[in-house]
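Trainee: Next up is a structure, given as structure tokens.
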Amino acid sequence: MNLFTEIRSAVFQALSVLEADGVLPEGLNLDNVTVEPPRDPAHGDMATNAAMVLAKPAGKKPRDIAEALATQLATDPRITTAEVAGPGFLNLRLADDQWHDVLRAVLAAGTDFGRSTIGQGQRVNVEYVSANPTGPLHVGHTRGAVFGDALASLLDFTGHDVTREYYINDGGAQVDVLARSVYLRYLEAHGQAVAFEDGTYPGDYLIAVGKALKAKVGDAYVGQPEAVWLEEVRNYSTEAMMELIRADLKALGVEMDVFYSEKSLYGTGRIEAALELLDAKGLIYEGVLEPPKGKLPEDWEPREQTLFKSTEHGDDVDRPVKKSDGGWTYFAPDIAYHFDKVSRGFDALIDVFGADHGGYVKRMKAAVSALSDGQVTLDVKLTQLVRLFRNGEPFKMSKRAGTFVTLRDVVDLVGADVTRFVMLTRKNDAPLDFDFDKVLEQSKDNPVFYVQYAHARVCSVMRKASAAGIDVADSTLGAADLGHISHEAELTLARKIAEWPRLVEIAGRTNEPHRVAFYLYDLASDLHGLWNRGHDLPELRFLQEGDPATTQAKVALARSVNVVISAGLGILGVTPADEMR
RNA sequence: GGACCCAUAGCUCAGCUGGAUAGAGUGUCGCCCUCCGAAGGCGAAGGUCGUAGGUUCGAAUCCUACUGGGUCCGCCA
């Protein structure tokens, strides 16, 4: 139940009456007509811009249209007042029972309240994390993981058919480096002294892998040339790293539907097939790229390469798909991978990358556009840097080889729930400050705590009500006489709840899960506000001693808040707290 | 040289397919606990929305240029 779309329909109906009466011309475009909460609540419950949007095409003054619309809408029993204001806004006030209906809908639907169908029939692939399988996930990956996961959940909530996917970069040179590094650890496990030179991964996390390899193959590879062991060790190592990564993701509460291997694209003709498709469209050619302007790379020399004419699809320069030694560039398997996604029938693709991949966006969009003839959209969301702090001081990571702040460090220190919520309190394209101490602070300026506290408070109220012998099952609360919910402070909270379905759709349309986090903070704030009013006005307290009927109505309101908080936290992947400790 | 992202209160940030007097937290200042809900509450001050143009009935929001910050720019993935 989305009260805003319902009232918007009412506005449309009223407009069609005006058309029939000849007040307005027929066939007006109503796409830009909105019904939204006014910025200033004193203006009413909802406001529509219909009169202003339609004034020009109708050739009438906005206020005249607004007046006519107001008269028409006033006949709707749901609307108590319709007032023209400002340049032609129409401010609507709704009957109290409309908000009561919202509460009943919440209690009936549970955490499904607010689910939308705007994505119905849309298959969406969300690719995120996709970290190289060469080590544990670090804090930067964590933000991408949290963001991608919340976005996927959000899209699911808006009715999309969502696939969560991880692209394993197991086809490039970096996994050879991994294999050599593991081999060194393997030799070390055999008691040899080894040195980690540049171009190897010296991290401690490979020690166990080396030992495990020894346990598996004994001394079979000791003293052998690379040709003997490289492939085996590479496969073994990447699998070990992926196990590590899966465990990291699990610790964060992230579960993928698909792990897609880059390696599986090689030697199977799939890269070739994708490029042949582009070639058939006349988008592949042999050529020489212009050197970048400004400061020239030192070793620059003109070179003929196989190029993808990405400029045909919005890119700034054409991009190479082959290196001079004939091997594929990284871009080539990526084209094949995205072609595979297109072939799997997705209507929309979303890639979540780190901000350092910003330069990659246009060519990837160009590739998807070319491969799907513009039928499939690719949205690339870049997550900006995470700056770590400890007690307000920048948290210095040791630059010593192999040590960095890992996902595991963060989760162990503050927990998955806090990590996820905090990382979603900023939009993806803004840098994020993460202070290990502040995120655990129990105060109003910590949004995680504030939202969880609201939920716990309501749980506490319900426990007390229950202990007093009051039935607080959702079905009972839904049948309570909500006429007891009549105070302005209570209705304000109910209005906030009514905004949830609308918020979900906005967040889903813009692929911006952070809006959910901010909404939850606002909702929690309204709940705490009502709670505090109870300090001075005992009649606003949720528990009304000796008056079970009123108590049930008020608990219904509180419970509705919790249902929405649970639904919102569910999208963010955070577990609601039943009590604060 | 070019591309992308960012610029909103002292600080950290929200701001809906363009809407009314631009919001929150924090900080500052002033009030409020003998008791019933103070990990708090009430109130005040605080803004040329980076600058300059443009589109529009209406711009923090869209367009252009500029300034400042970040990221990136052919054989790294």
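Residue numbers start at 1 in each chain; chains themselves are named A, B, ... in the order of the structure tokens; ligands are numbered from 1 in the order shown.
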Which residues of chain A sit at most 7 Å from chain B, using only C-alpha atoms (C1' of nucleotides)? Give each one's shortest atom pair and distance in Å (one decimal place), in chain and ascending residue order, as a Markdown table.

Mentor:
```
| residue | atom | partner | partner_atom | distance |
| --- | --- | --- | --- | --- |
| A:Gly86 | CA | B:A20 | C1' | 6.1 |
| A:Gly172 | CA | B:A77 | C1' | 6.7 |
| A:Lys293 | CA | B:G1 | C1' | 4.4 |
| A:Gly294 | CA | B:G1 | C1' | 4.2 |
| A:Lys323 | CA | B:C75 | C1' | 4.6 |
| A:Ser324 | CA | B:C75 | C1' | 5.6 |
| A:Tyr330 | CA | B:A77 | C1' | 6.5 |
| A:Ala355 | CA | B:U71 | C1' | 6.3 |
| A:Asp356 | CA | B:U71 | C1' | 5.6 |
| A:Gly358 | CA | B:C4 | C1' | 6.0 |
| A:Gly359 | CA | B:C72 | C1' | 5.0 |
| A:Asp429 | CA | B:C5 | C1' | 6.8 |
| A:Gln442 | CA | B:A39 | C1' | 6.4 |
| A:Ser443 | CA | B:A39 | C1' | 6.4 |
| A:Asp445 | CA | B:G25 | C1' | 5.5 |
| A:Ile506 | CA | B:C16 | C1' | 6.9 |
| A:His535 | CA | B:G37 | C1' | 6.0 |
```

Trainee: Got a sec to tell me which of range 215-343 of chain A DSSP assigns to strand (DSSP E or B), as a ChimeraX atom specification?

Mentor: /A:258-261,284-288,304-308,319-320,322,328

Trainee: Step one, run DSSP on the backbone; step two, keep only residues of range 299-520 of chain A assigned to helix (DSSP H, G or I); then write them as a PyMOL selection string.

Mentor: chain A and resi 310-313+331-343+355-371+407-414+416-423+438-440+447-467+474-478+482-484+488-498+500-510+514-520

Trainee: What gap, in Å, lies between C1' of U67 in chain B and C1' of G10 in chain B?

Mentor: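 So the two atoms, C1' of U67 in chain B and C1' of G10 in chain B, lie 22.6 Å apart.
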
Trainee: What lies within 12 Å of Pro333 in chain A using only C-alpha atoms (C1' of nucleotides), ignoring chain neighbours under 2 positions off, as JSON, numbers by chain?

Mentor: {"A": [167, 168, 169, 170, 171, 172, 260, 261, 262, 263, 264, 265, 266, 267, 268, 269, 270, 271, 272, 273, 274, 275, 321, 322, 327, 328, 329, 330, 331, 335, 336, 337, 338, 339, 340, 364, 367], "B": [77]}

Trainee: For a quick check of understanding, using only C-alpha atoms, which of A:Asn235, A:Asn2, A:Ser486, A:Ser460 has the smallest distance to Arg115 in chain A?

Mentor: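 Looking only at the distances to Arg115 in chain A, the closest residue turns out to be A:Asn2.
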
Trainee: Using only C-alpha atoms (C1' of nucleotides), which protein or nucleic acid residues come within 12 Å of Gly223 in chain A? Drop anything in the same chain fewer than 2 positions from it, and give the result as a PDB file with C-alpha atoms, in the first residue's frame.

Mentor:
```pdb
ATOM      1  CA  TYR A 183      55.581 -21.994  -4.161  1.00  0.00           C
ATOM      2  CA  LEU A 184      58.033 -20.036  -2.018  1.00  0.00           C
ATOM      3  CA  TYR A 186      55.848 -24.372  -0.038  1.00  0.00           C
ATOM      4  CA  LEU A 187      59.639 -24.472  -0.142  1.00  0.00           C
ATOM      5  CA  HIS A 190      60.132 -27.889   3.456  1.00  0.00           C
ATOM      6  CA  GLN A 192      64.239 -23.939   2.892  1.00  0.00           C
ATOM      7  CA  ASP A 219      58.160 -32.921  -2.059  1.00  0.00           C
ATOM      8  CA  ALA A 220      57.072 -33.548  -5.649  1.00  0.00           C
ATOM      9  CA  TYR A 221      57.670 -29.937  -6.714  1.00  0.00           C
ATOM     10  CA  PRO A 225      61.318 -26.009 -12.811  1.00  0.00           C
ATOM     11  CA  GLU A 226      58.304 -23.766 -13.012  1.00  0.00           C
ATOM     12  CA  ALA A 227      56.938 -25.552 -16.055  1.00  0.00           C
ATOM     13  CA  VAL A 228      56.321 -28.586 -13.904  1.00  0.00           C
ATOM     14  CA  TRP A 229      54.341 -27.007 -11.122  1.00  0.00           C
TER      15      TRP A 229
END
```

Trainee: Got a sec: who's within 7 Å of range 70-74 of chain A, counting only C-alpha atoms (C1' of nucleotides), leaving out chain neighbours fewer than 5 positions off, as a ChimeraX atom specification?

Mentor: /A:14,79-83

Trainee: Please write the residues from the selection above to a file, keeping C-alpha atoms, as a PDB file, in the first residue's frame.

Mentor:
```
ATOM      1  CA  ALA A  14      -9.940  14.489 -10.688  1.00  0.00           C
ATOM      2  CA  ILE A  79      -9.151  14.154   1.585  1.00  0.00           C
ATOM      3  CA  THR A  80     -10.267  16.572   4.259  1.00  0.00           C
ATOM      4  CA  THR A  81      -8.855  19.775   2.846  1.00  0.00           C
ATOM      5  CA  ALA A  82      -7.325  20.886  -0.428  1.00  0.00           C
ATOM      6  CA  GLU A  83      -5.780  24.335  -0.394  1.00  0.00           C
TER       7      GLU A  83
END
```
